[in-house]
>>> print(open('input33.cif').read())   # mmCIF, N, CA and C atoms
data_my_file
loop_
_atom_site.label_atom_id
_atom_site.label_comp_id
_atom_site.auth_asym_id
_atom_site.auth_seq_id
_atom_site.Cartn_x
_atom_site.Cartn_y
_atom_site.Cartn_z
N MET A 1 100.21 244.16 118.22
CA MET A 1 101.61 244.28 117.85
C MET A 1 102.34 245.09 118.91
N THR A 2 103.33 244.53 119.52
CA THR A 2 104.11 245.26 120.52
C THR A 2 105.33 245.89 119.86
N PRO A 3 105.69 247.09 120.27
CA PRO A 3 106.79 247.79 119.63
C PRO A 3 108.15 247.20 120.00
N THR A 4 109.10 247.41 119.11
CA THR A 4 110.49 247.08 119.37
C THR A 4 111.26 248.39 119.39
N ILE A 5 111.98 248.64 120.46
CA ILE A 5 112.75 249.88 120.60
C ILE A 5 114.19 249.56 120.25
N VAL A 6 114.76 250.27 119.26
CA VAL A 6 116.09 249.96 118.75
C VAL A 6 117.03 251.12 119.02
N ASN A 7 118.26 250.80 119.37
CA ASN A 7 119.31 251.78 119.59
C ASN A 7 120.09 251.93 118.28
N ARG A 8 119.66 252.82 117.41
CA ARG A 8 120.30 252.98 116.11
C ARG A 8 121.68 253.62 116.23
N ARG A 9 121.86 254.43 117.24
CA ARG A 9 123.15 255.10 117.44
C ARG A 9 124.25 254.08 117.73
N ALA A 10 123.91 253.00 118.43
CA ALA A 10 124.90 251.98 118.77
C ALA A 10 125.42 251.27 117.52
N ILE A 11 124.56 251.08 116.54
CA ILE A 11 124.97 250.43 115.29
C ILE A 11 126.00 251.28 114.58
N TYR A 12 125.88 252.58 114.68
CA TYR A 12 126.80 253.51 114.05
C TYR A 12 128.12 253.62 114.82
N ASP A 13 128.08 253.55 116.13
CA ASP A 13 129.25 253.81 116.97
C ASP A 13 130.07 252.58 117.35
N TYR A 14 129.53 251.36 117.21
CA TYR A 14 130.20 250.18 117.73
C TYR A 14 130.20 249.03 116.73
N HIS A 15 131.24 248.18 116.84
CA HIS A 15 131.28 246.87 116.19
C HIS A 15 130.75 245.87 117.20
N PHE A 16 129.76 245.08 116.85
CA PHE A 16 129.20 244.10 117.77
C PHE A 16 129.96 242.79 117.64
N LEU A 17 130.46 242.28 118.75
CA LEU A 17 131.20 241.02 118.74
C LEU A 17 130.30 239.84 119.09
N GLU A 18 129.48 239.99 120.14
CA GLU A 18 128.54 238.96 120.56
C GLU A 18 127.26 239.61 121.02
N ARG A 19 126.14 238.89 120.86
CA ARG A 19 124.85 239.40 121.32
C ARG A 19 124.26 238.44 122.33
N PHE A 20 123.56 239.01 123.32
CA PHE A 20 122.90 238.22 124.35
C PHE A 20 121.48 238.76 124.53
N SER A 21 120.58 237.89 124.91
CA SER A 21 119.21 238.29 125.23
C SER A 21 119.02 238.13 126.73
N ALA A 22 118.55 239.20 127.39
CA ALA A 22 118.41 239.19 128.85
C ALA A 22 117.03 239.68 129.25
N GLY A 23 116.58 239.22 130.40
CA GLY A 23 115.36 239.73 130.99
C GLY A 23 115.69 240.98 131.80
N MET A 24 114.65 241.73 132.16
CA MET A 24 114.84 242.95 132.97
C MET A 24 113.92 242.88 134.18
N ILE A 25 114.39 243.45 135.28
CA ILE A 25 113.53 243.59 136.46
C ILE A 25 112.91 244.98 136.38
N LEU A 26 111.59 245.02 136.20
CA LEU A 26 110.87 246.28 136.07
C LEU A 26 109.98 246.48 137.29
N LYS A 27 109.68 247.73 137.60
CA LYS A 27 108.83 248.05 138.75
C LYS A 27 107.67 248.92 138.31
N GLY A 28 106.58 248.83 139.07
CA GLY A 28 105.45 249.72 138.86
C GLY A 28 104.84 249.61 137.47
N THR A 29 104.71 250.74 136.82
CA THR A 29 104.03 250.79 135.52
C THR A 29 105.00 250.83 134.34
N GLU A 30 106.26 250.44 134.57
CA GLU A 30 107.25 250.50 133.48
C GLU A 30 106.87 249.61 132.31
N ILE A 31 106.29 248.45 132.56
CA ILE A 31 105.93 247.54 131.47
C ILE A 31 104.86 248.16 130.58
N LYS A 32 103.94 248.93 131.17
CA LYS A 32 102.90 249.58 130.37
C LYS A 32 103.51 250.65 129.46
N SER A 33 104.49 251.39 129.96
CA SER A 33 105.17 252.38 129.13
C SER A 33 105.94 251.71 128.00
N LEU A 34 106.57 250.57 128.29
CA LEU A 34 107.30 249.85 127.25
C LEU A 34 106.36 249.35 126.16
N ARG A 35 105.19 248.86 126.57
CA ARG A 35 104.23 248.38 125.57
C ARG A 35 103.73 249.51 124.67
N LEU A 36 103.78 250.75 125.17
CA LEU A 36 103.42 251.91 124.35
C LEU A 36 104.61 252.43 123.54
N GLY A 37 105.79 251.85 123.74
CA GLY A 37 106.98 252.26 123.01
C GLY A 37 107.65 253.50 123.56
N LYS A 38 107.43 253.80 124.83
CA LYS A 38 107.95 255.03 125.44
C LYS A 38 109.27 254.77 126.16
N ALA A 39 110.30 254.42 125.40
CA ALA A 39 111.62 254.20 126.00
C ALA A 39 112.70 254.67 125.04
N GLN A 40 113.87 255.01 125.60
CA GLN A 40 115.01 255.44 124.80
C GLN A 40 116.26 254.70 125.26
N LEU A 41 117.06 254.26 124.30
CA LEU A 41 118.29 253.54 124.59
C LEU A 41 119.53 254.32 124.16
N ILE A 42 119.39 255.55 123.74
CA ILE A 42 120.49 256.28 123.10
C ILE A 42 121.71 256.40 124.00
N ASP A 43 121.56 256.81 125.24
CA ASP A 43 122.70 257.01 126.13
C ASP A 43 122.92 255.83 127.08
N ALA A 44 122.27 254.72 126.83
CA ALA A 44 122.32 253.60 127.77
C ALA A 44 123.59 252.76 127.60
N PHE A 45 124.03 252.20 128.71
CA PHE A 45 125.15 251.27 128.71
C PHE A 45 124.96 250.30 129.87
N CYS A 46 125.72 249.22 129.86
CA CYS A 46 125.61 248.22 130.91
C CYS A 46 126.89 248.21 131.75
N MET A 47 126.72 247.95 133.05
CA MET A 47 127.87 247.89 133.93
C MET A 47 127.65 246.85 135.01
N PHE A 48 128.75 246.32 135.50
CA PHE A 48 128.68 245.34 136.57
C PHE A 48 128.76 246.07 137.91
N ILE A 49 127.85 245.73 138.82
CA ILE A 49 127.91 246.17 140.20
C ILE A 49 127.95 244.87 141.01
N GLY A 50 129.11 244.59 141.57
CA GLY A 50 129.32 243.29 142.19
C GLY A 50 129.43 242.26 141.07
N ASN A 51 128.65 241.21 141.17
CA ASN A 51 128.62 240.20 140.10
C ASN A 51 127.32 240.26 139.31
N GLU A 52 126.60 241.36 139.41
CA GLU A 52 125.32 241.51 138.71
C GLU A 52 125.44 242.59 137.65
N LEU A 53 124.73 242.39 136.55
CA LEU A 53 124.77 243.32 135.43
C LEU A 53 123.56 244.24 135.48
N TYR A 54 123.80 245.55 135.34
CA TYR A 54 122.75 246.55 135.35
C TYR A 54 122.82 247.38 134.08
N VAL A 55 121.68 247.85 133.61
CA VAL A 55 121.65 248.80 132.50
C VAL A 55 121.44 250.18 133.11
N ARG A 56 122.26 251.12 132.68
CA ARG A 56 122.23 252.48 133.24
C ARG A 56 122.00 253.46 132.08
N GLY A 57 121.20 254.47 132.33
CA GLY A 57 120.96 255.50 131.33
C GLY A 57 119.79 255.23 130.41
N MET A 58 119.16 254.07 130.54
CA MET A 58 117.97 253.77 129.73
C MET A 58 116.79 254.52 130.34
N GLU A 59 116.06 255.21 129.49
CA GLU A 59 114.94 256.02 129.98
C GLU A 59 113.63 255.38 129.57
N ILE A 60 112.81 255.07 130.56
CA ILE A 60 111.43 254.61 130.32
C ILE A 60 110.53 255.71 130.85
N ALA A 61 109.79 256.34 129.97
CA ALA A 61 108.94 257.47 130.36
C ALA A 61 107.87 257.02 131.35
N PRO A 62 107.52 257.88 132.30
CA PRO A 62 106.46 257.53 133.26
C PRO A 62 105.14 257.29 132.53
N TYR A 63 104.39 256.31 132.99
CA TYR A 63 103.09 255.99 132.43
C TYR A 63 102.13 257.14 132.73
N THR A 64 101.43 257.61 131.72
CA THR A 64 100.59 258.80 131.89
C THR A 64 99.46 258.59 132.89
N GLN A 65 98.90 257.38 132.96
CA GLN A 65 97.79 257.14 133.87
C GLN A 65 98.24 256.51 135.18
N GLY A 66 99.56 256.40 135.36
CA GLY A 66 100.08 255.86 136.62
C GLY A 66 100.12 256.96 137.67
N THR A 67 99.92 256.59 138.90
CA THR A 67 99.92 257.59 139.98
C THR A 67 101.16 257.39 140.84
N TYR A 68 101.01 256.93 142.03
CA TYR A 68 102.15 256.71 142.91
C TYR A 68 102.97 255.49 142.48
N ASN A 69 102.48 254.71 141.51
CA ASN A 69 103.21 253.54 141.03
C ASN A 69 104.34 253.89 140.09
N ASN A 70 104.37 255.13 139.58
CA ASN A 70 105.44 255.51 138.66
C ASN A 70 106.78 255.58 139.40
N VAL A 71 107.82 255.18 138.71
CA VAL A 71 109.18 255.20 139.27
C VAL A 71 110.02 256.18 138.45
N PRO A 72 111.20 256.59 138.92
CA PRO A 72 112.03 257.51 138.14
C PRO A 72 112.34 256.96 136.74
N ALA A 73 112.37 257.85 135.76
CA ALA A 73 112.54 257.42 134.37
C ALA A 73 113.93 256.84 134.12
N LYS A 74 114.95 257.45 134.68
CA LYS A 74 116.32 256.97 134.47
C LYS A 74 116.86 256.36 135.75
N ARG A 75 116.57 255.10 135.94
CA ARG A 75 117.11 254.40 137.09
C ARG A 75 117.84 253.16 136.60
N ASP A 76 118.72 252.61 137.44
CA ASP A 76 119.43 251.39 137.08
C ASP A 76 118.47 250.22 137.13
N ARG A 77 118.51 249.38 136.10
CA ARG A 77 117.65 248.20 136.05
C ARG A 77 118.51 246.96 135.95
N LYS A 78 118.22 245.99 136.80
CA LYS A 78 119.00 244.76 136.83
C LYS A 78 118.63 243.88 135.63
N LEU A 79 119.65 243.28 135.02
CA LEU A 79 119.43 242.37 133.90
C LEU A 79 119.55 240.94 134.38
N LEU A 80 118.75 240.07 133.81
CA LEU A 80 118.71 238.67 134.20
C LEU A 80 119.38 237.81 133.13
N LEU A 81 120.56 237.32 133.46
CA LEU A 81 121.31 236.42 132.58
C LEU A 81 121.72 235.19 133.38
N SER A 82 122.10 234.14 132.68
CA SER A 82 122.58 232.95 133.38
C SER A 82 123.97 233.22 133.96
N LYS A 83 124.37 232.43 134.95
CA LYS A 83 125.67 232.61 135.57
C LYS A 83 126.80 232.43 134.56
N LYS A 84 126.60 231.53 133.63
CA LYS A 84 127.61 231.26 132.60
C LYS A 84 127.80 232.49 131.71
N GLU A 85 126.69 233.10 131.30
CA GLU A 85 126.76 234.30 130.46
C GLU A 85 127.37 235.47 131.23
N LEU A 86 126.99 235.63 132.50
CA LEU A 86 127.55 236.71 133.31
C LEU A 86 129.05 236.56 133.49
N SER A 87 129.51 235.35 133.77
CA SER A 87 130.96 235.15 133.95
C SER A 87 131.71 235.37 132.65
N ARG A 88 131.11 234.99 131.54
CA ARG A 88 131.73 235.22 130.22
C ARG A 88 131.86 236.72 129.94
N LEU A 89 130.79 237.47 130.20
CA LEU A 89 130.83 238.91 129.99
C LEU A 89 131.81 239.59 130.93
N LEU A 90 131.85 239.15 132.16
CA LEU A 90 132.77 239.75 133.14
C LEU A 90 134.22 239.53 132.74
N SER A 91 134.54 238.33 132.22
CA SER A 91 135.91 238.08 131.78
C SER A 91 136.25 238.89 130.53
N LYS A 92 135.29 239.08 129.64
CA LYS A 92 135.53 239.87 128.42
C LYS A 92 135.69 241.35 128.73
N MET A 93 135.02 241.82 129.81
CA MET A 93 135.11 243.24 130.17
C MET A 93 136.51 243.61 130.65
N ALA A 94 137.29 242.62 131.04
CA ALA A 94 138.66 242.89 131.48
C ALA A 94 139.54 243.33 130.30
N GLU A 95 139.16 242.96 129.09
CA GLU A 95 139.91 243.38 127.90
C GLU A 95 139.70 244.87 127.67
N LYS A 96 140.74 245.50 127.18
CA LYS A 96 140.68 246.95 126.96
C LYS A 96 139.84 247.26 125.72
N GLY A 97 139.00 248.27 125.83
CA GLY A 97 138.24 248.75 124.68
C GLY A 97 136.90 248.08 124.45
N LEU A 98 136.52 247.12 125.30
CA LEU A 98 135.24 246.45 125.13
C LEU A 98 134.22 247.01 126.11
N THR A 99 132.97 247.06 125.66
CA THR A 99 131.89 247.54 126.50
C THR A 99 130.63 246.74 126.19
N ILE A 100 129.64 246.88 127.03
CA ILE A 100 128.36 246.19 126.82
C ILE A 100 127.30 247.26 126.56
N ILE A 101 126.65 247.16 125.41
CA ILE A 101 125.69 248.16 124.95
C ILE A 101 124.33 247.51 124.73
N PRO A 102 123.24 248.10 125.24
CA PRO A 102 121.91 247.59 124.89
C PRO A 102 121.55 248.00 123.46
N THR A 103 121.12 247.04 122.66
CA THR A 103 120.82 247.33 121.26
C THR A 103 119.33 247.43 120.97
N LYS A 104 118.51 246.62 121.64
CA LYS A 104 117.06 246.75 121.43
C LYS A 104 116.28 246.14 122.57
N ILE A 105 115.04 246.61 122.71
CA ILE A 105 114.09 246.07 123.68
C ILE A 105 112.95 245.45 122.86
N PHE A 106 112.60 244.22 123.21
CA PHE A 106 111.53 243.54 122.49
C PHE A 106 110.73 242.72 123.48
N PHE A 107 109.65 242.12 123.02
CA PHE A 107 108.80 241.30 123.88
C PHE A 107 108.87 239.86 123.40
N SER A 108 109.03 238.93 124.35
CA SER A 108 109.11 237.52 124.02
C SER A 108 107.73 236.99 123.64
N ASP A 109 107.69 235.74 123.21
CA ASP A 109 106.42 235.13 122.85
C ASP A 109 105.47 235.05 124.04
N ARG A 110 106.03 234.94 125.24
CA ARG A 110 105.21 234.86 126.44
C ARG A 110 104.82 236.22 126.98
N GLY A 111 105.29 237.30 126.34
CA GLY A 111 104.89 238.64 126.75
C GLY A 111 105.84 239.33 127.70
N PHE A 112 107.01 238.72 127.94
CA PHE A 112 107.99 239.33 128.83
C PHE A 112 108.85 240.33 128.08
N ALA A 113 109.20 241.43 128.74
CA ALA A 113 110.09 242.42 128.14
C ALA A 113 111.51 241.89 128.21
N LYS A 114 112.18 241.87 127.08
CA LYS A 114 113.57 241.40 126.98
C LYS A 114 114.41 242.52 126.41
N ILE A 115 115.68 242.49 126.74
CA ILE A 115 116.62 243.46 126.19
C ILE A 115 117.75 242.69 125.53
N GLU A 116 118.11 243.12 124.33
CA GLU A 116 119.25 242.51 123.63
C GLU A 116 120.46 243.38 123.91
N ILE A 117 121.51 242.77 124.45
CA ILE A 117 122.73 243.50 124.72
C ILE A 117 123.83 242.92 123.84
N ALA A 118 124.82 243.74 123.56
CA ALA A 118 125.92 243.30 122.71
C ALA A 118 127.25 243.65 123.35
N LEU A 119 128.17 242.72 123.28
CA LEU A 119 129.55 243.00 123.64
C LEU A 119 130.13 243.72 122.44
N ALA A 120 130.60 244.93 122.64
CA ALA A 120 130.94 245.79 121.51
C ALA A 120 132.31 246.44 121.69
N LYS A 121 132.87 246.81 120.55
CA LYS A 121 134.12 247.55 120.52
C LYS A 121 133.85 248.84 119.76
N GLY A 122 134.31 249.96 120.30
CA GLY A 122 134.05 251.25 119.68
C GLY A 122 134.71 251.40 118.32
N LYS A 123 134.01 252.04 117.40
CA LYS A 123 134.55 252.29 116.07
C LYS A 123 135.41 253.55 116.08
N LYS A 124 136.40 253.57 115.25
CA LYS A 124 137.21 254.77 115.04
C LYS A 124 136.48 255.65 114.02
N ASP A 125 136.94 256.90 113.87
CA ASP A 125 136.29 257.82 112.94
C ASP A 125 136.30 257.29 111.51
N TYR A 126 137.43 256.69 111.09
CA TYR A 126 137.49 256.20 109.71
C TYR A 126 136.57 255.00 109.51
N ASP A 127 136.33 254.21 110.56
CA ASP A 127 135.37 253.11 110.46
C ASP A 127 133.96 253.66 110.27
N LYS A 128 133.63 254.74 110.98
CA LYS A 128 132.30 255.34 110.85
C LYS A 128 132.10 255.88 109.45
N ARG A 129 133.14 256.52 108.91
CA ARG A 129 133.03 257.05 107.55
C ARG A 129 132.85 255.93 106.52
N SER A 130 133.56 254.83 106.71
CA SER A 130 133.42 253.71 105.77
C SER A 130 132.03 253.08 105.88
N THR A 131 131.47 253.05 107.10
CA THR A 131 130.11 252.53 107.27
C THR A 131 129.11 253.39 106.50
N ILE A 132 129.26 254.71 106.60
CA ILE A 132 128.38 255.63 105.87
C ILE A 132 128.54 255.44 104.37
N LYS A 133 129.78 255.30 103.92
CA LYS A 133 130.05 255.13 102.50
C LYS A 133 129.42 253.84 101.96
N GLU A 134 129.56 252.74 102.70
CA GLU A 134 128.96 251.47 102.28
C GLU A 134 127.44 251.57 102.21
N ARG A 135 126.85 252.24 103.19
CA ARG A 135 125.39 252.39 103.21
C ARG A 135 124.91 253.20 102.01
N GLU A 136 125.63 254.28 101.69
CA GLU A 136 125.24 255.10 100.54
C GLU A 136 125.41 254.34 99.23
N GLN A 137 126.47 253.54 99.11
CA GLN A 137 126.66 252.74 97.91
C GLN A 137 125.55 251.72 97.75
N LYS A 138 125.14 251.09 98.86
CA LYS A 138 124.05 250.11 98.81
C LYS A 138 122.75 250.78 98.38
N ARG A 139 122.48 251.97 98.89
CA ARG A 139 121.27 252.70 98.49
C ARG A 139 121.31 253.03 97.01
N GLU A 140 122.47 253.44 96.52
CA GLU A 140 122.62 253.79 95.10
C GLU A 140 122.37 252.57 94.21
N ILE A 141 122.91 251.42 94.61
CA ILE A 141 122.70 250.19 93.84
C ILE A 141 121.23 249.81 93.86
N ASP A 142 120.60 249.90 95.01
CA ASP A 142 119.18 249.57 95.11
C ASP A 142 118.33 250.53 94.28
N ARG A 143 118.73 251.78 94.23
CA ARG A 143 117.98 252.78 93.47
C ARG A 143 118.07 252.49 91.97
N HIS A 144 119.24 252.07 91.50
CA HIS A 144 119.41 251.78 90.07
C HIS A 144 118.82 250.46 89.66
N SER A 145 118.76 249.50 90.59
CA SER A 145 118.20 248.20 90.24
C SER A 145 116.68 248.16 90.37
N ASP A 146 116.08 249.18 90.97
CA ASP A 146 114.62 249.25 91.12
C ASP A 146 113.98 249.48 89.76
N PRO A 147 113.06 248.60 89.31
CA PRO A 147 112.46 248.74 87.97
C PRO A 147 111.49 249.90 87.82
N HIS A 148 111.04 250.50 88.92
CA HIS A 148 110.04 251.58 88.81
C HIS A 148 110.70 252.86 88.50
#
>>> encode(input="input33.cif", output="structure tokens")
Amino acid sequence: MTPTIVNRRAIYDYHFLERFSAGMILKGTEIKSLRLGKAQLIDAFCMFIGNELYVRGMEIAPYTQGTYNNVPAKRDRKLLLSKKELSRLLSKMAEKGLTIIPTKIFFSDRGFAKIEIALAKGKKDYDKRSTIKEREQKREIDRHSDPH
């Protein structure tokens, strides 16, 4: 079973408009660290450099048994998307208030590390409070409907 690394903070802070699945260019022993679940997406975001999309701020911990093959934990990693998806994201980024946030890292059926990114709009404080309120109400309903 390979781990899935989820950015829970992004669910709280953003409204997701569209989701995309992208490949990542990894170096050295980064894939081994990912398979151990040693990554964080909390402060990560995506940005365009030229016409290519990079994820910045994602931390993949150095592999403990790696030697000179280890690379810096917080480096920019290029994302692999189709030209059509890249042009769509680039045009959407021109709109005010939209950003691209990585939501989770998972492994495909073929064993490749993939990252799910979302085109997102930031929530206001009152939206965050309403999200918390809805979640608490759902828990309360589930608690009362539980027969045990």
>>> closest_residue(input="input33.cif", among="A:Asn70, A:Gln137, A:Ser82, A:Thr4", to="Gly23 (chain A)", atoms="only C-alpha atoms")
A:Ser82
>>> closest_residue(input="input33.cif", among="A:Ile60, A:Gln40, A:Glu116, A:Ser87", to="Arg75 (chain A)", atoms="all atoms listed in the file")
A:Ile60
>>> closest_residue(input="input33.cif", among="A:Ile11, A:Arg139, A:Leu17, A:Lys121", to="Lys96 (chain A)", atoms="only N, CA and C atoms")
A:Lys121
>>> resolve_selection(input="input33.cif", expression="the PyMOL selection byres ((chain A and resi 63) around 6.5)", output="list in words")
Thr29, Glu30, Lys32, Ser33, Ala61, Pro62, Thr64, Gln65, Gly66 and Asn70 of chain A
>>> resolve_selection(input="input33.cif", expression="the PyMOL selection byres (((chain A and resi 26 and name CA) around 10) and name CA)", output="PDB file with N, CA and C atoms, in the frame of the given file")
ATOM      1  N   GLY A  23     116.580 239.220 130.400  1.00  0.00           N
ATOM      2  CA  GLY A  23     115.360 239.730 130.990  1.00  0.00           C
ATOM      3  C   GLY A  23     115.690 240.980 131.800  1.00  0.00           C
ATOM      4  N   MET A  24     114.650 241.730 132.160  1.00  0.00           N
ATOM      5  CA  MET A  24     114.840 242.950 132.970  1.00  0.00           C
ATOM      6  C   MET A  24     113.920 242.880 134.180  1.00  0.00           C
ATOM      7  N   ILE A  25     114.390 243.450 135.280  1.00  0.00           N
ATOM      8  CA  ILE A  25     113.530 243.590 136.460  1.00  0.00           C
ATOM      9  C   ILE A  25     112.910 244.980 136.380  1.00  0.00           C
ATOM     10  N   LYS A  27     109.680 247.730 137.600  1.00  0.00           N
ATOM     11  CA  LYS A  27     108.830 248.050 138.750  1.00  0.00           C
ATOM     12  C   LYS A  27     107.670 248.920 138.310  1.00  0.00           C
ATOM     13  N   GLY A  28     106.580 248.830 139.070  1.00  0.00           N
ATOM     14  CA  GLY A  28     105.450 249.720 138.860  1.00  0.00           C
ATOM     15  C   GLY A  28     104.840 249.610 137.470  1.00  0.00           C
ATOM     16  N   THR A  29     104.710 250.740 136.820  1.00  0.00           N
ATOM     17  CA  THR A  29     104.030 250.790 135.520  1.00  0.00           C
ATOM     18  C   THR A  29     105.000 250.830 134.340  1.00  0.00           C
ATOM     19  N   GLU A  30     106.260 250.440 134.570  1.00  0.00           N
ATOM     20  CA  GLU A  30     107.250 250.500 133.480  1.00  0.00           C
ATOM     21  C   GLU A  30     106.870 249.610 132.310  1.00  0.00           C
ATOM     22  N   ILE A  31     106.290 248.450 132.560  1.00  0.00           N
ATOM     23  CA  ILE A  31     105.930 247.540 131.470  1.00  0.00           C
ATOM     24  C   ILE A  31     104.860 248.160 130.580  1.00  0.00           C
ATOM     25  N   VAL A  71     107.820 255.180 138.710  1.00  0.00           N
ATOM     26  CA  VAL A  71     109.180 255.200 139.270  1.00  0.00           C
ATOM     27  C   VAL A  71     110.020 256.180 138.450  1.00  0.00           C
ATOM     28  N   ARG A  77     118.510 249.380 136.100  1.00  0.00           N
ATOM     29  CA  ARG A  77     117.650 248.200 136.050  1.00  0.00           C
ATOM     30  C   ARG A  77     118.510 246.960 135.950  1.00  0.00           C
ATOM     31  N   LYS A  78     118.220 245.990 136.800  1.00  0.00           N
ATOM     32  CA  LYS A  78     119.000 244.760 136.830  1.00  0.00           C
ATOM     33  C   LYS A  78     118.630 243.880 135.630  1.00  0.00           C
ATOM     34  N   LEU A  79     119.650 243.280 135.020  1.00  0.00           N
ATOM     35  CA  LEU A  79     119.430 242.370 133.900  1.00  0.00           C
ATOM     36  C   LEU A  79     119.550 240.940 134.380  1.00  0.00           C
ATOM     37  N   ALA A 113     109.200 241.430 128.740  1.00  0.00           N
ATOM     38  CA  ALA A 113     110.090 242.420 128.140  1.00  0.00           C
ATOM     39  C   ALA A 113     111.510 241.890 128.210  1.00  0.00           C
TER      40      ALA A 113
END
>>> atom_distance(input="input33.cif", atom1="CA of Asp127 (chain A)", atom2="atom N of Met47 (chain A)")
24.7 Å
>>> atom_distance(input="input33.cif", atom1="atom N of Leu81 (chain A)", atom2="atom N of Thr67 (chain A)")
28.8 Å
>>> select_by_dssp(input="input33.cif", residues="region 64-116 of chain A", states="alpha helix (DSSP H)", output="list in words")
Lys83, Lys84, Glu85, Leu86, Ser87, Arg88, Leu89, Leu90, Ser91, Lys92 and Met93 of chain A
>>> closest_residue(input="input33.cif", among="A:Leu41, A:Leu98, A:Ala22, A:Leu86", to="Lys114 (chain A)", atoms="all atoms listed in the file")
A:Ala22
>>> select_by_dssp(input="input33.cif", residues="region 8-134 of chain A", states="strand (DSSP E)", output="number ranges by chain")
A: 14-24, 39-40, 45-49, 52-56, 59-60, 77-80, 98-107, 113-122
>>> closest_residue(input="input33.cif", among="A:Tyr68, A:Glu18, A:Arg129, A:Pro3", to="Leu34 (chain A)", atoms="only N, CA and C atoms")
A:Pro3
>>> atom_distance(input="input33.cif", atom1="atom C of Tyr14 (chain A)", atom2="atom N of Phe45 (chain A)")
13.8 Å
>>> closest_residue(input="input33.cif", among="A:Gly37, A:Ile5, A:Tyr12, A:Asp146", to="Thr131 (chain A)", atoms="only C-alpha atoms")
A:Tyr12
>>> residues_near_point(input="input33.cif", point="(128.5, 241.0, 130.1)", cutoff="7 Å", atoms="only N, CA and C atoms", output="PyMOL selection string")
chain A and resi 53+85-91+93+100+119
>>> decode(input="input33.cif", residues="region 19-59 of chain A", atoms="C-alpha atoms", output="short mmCIF file (atom, residue, chain, number, x, y, z; two decimals), in the first residue's frame")
data_model
loop_
_atom_site.label_atom_id
_atom_site.label_comp_id
_atom_site.auth_asym_id
_atom_site.auth_seq_id
_atom_site.Cartn_x
_atom_site.Cartn_y
_atom_site.Cartn_z
CA ARG A 19 -8.85 19.66 -10.54
CA PHE A 20 -6.02 18.31 -12.68
CA SER A 21 -3.71 15.31 -12.32
CA ALA A 22 -0.07 15.93 -13.23
CA GLY A 23 3.18 14.03 -13.24
CA MET A 24 6.28 15.33 -11.45
CA ILE A 25 9.94 15.37 -12.41
CA LEU A 26 11.80 13.93 -9.42
CA LYS A 27 15.53 13.52 -8.88
CA GLY A 28 17.71 11.19 -6.86
CA THR A 29 15.99 9.43 -3.98
CA GLU A 30 12.86 11.61 -3.84
CA ILE A 31 10.60 8.78 -5.04
CA LYS A 32 11.78 6.57 -2.16
CA SER A 33 10.91 9.29 0.36
CA LEU A 34 7.48 9.71 -1.24
CA ARG A 35 6.82 5.97 -1.00
CA LEU A 36 7.55 6.27 2.74
CA GLY A 37 5.09 9.18 2.99
CA LYS A 38 7.76 11.75 3.88
CA ALA A 39 6.35 14.83 2.17
CA GLN A 40 4.43 17.98 3.13
CA LEU A 41 2.13 20.10 0.98
CA ILE A 42 1.07 22.67 3.58
CA ASP A 43 2.90 25.73 2.21
CA ALA A 44 3.06 24.55 -1.40
CA PHE A 45 1.72 26.43 -4.40
CA CYS A 46 2.14 26.29 -8.17
CA MET A 47 3.52 28.98 -10.42
CA PHE A 48 4.35 29.46 -14.07
CA ILE A 49 7.96 30.07 -15.06
CA GLY A 50 7.86 30.78 -18.76
CA ASN A 51 5.24 28.42 -20.16
CA GLU A 52 6.00 25.62 -17.68
CA LEU A 53 4.26 24.93 -14.39
CA TYR A 54 6.32 24.33 -11.23
CA VAL A 55 5.33 23.44 -7.69
CA ARG A 56 7.13 25.54 -5.09
CA GLY A 57 7.29 25.04 -1.33
CA MET A 58 6.56 21.31 -1.37
CA GLU A 59 8.92 19.54 1.00
#
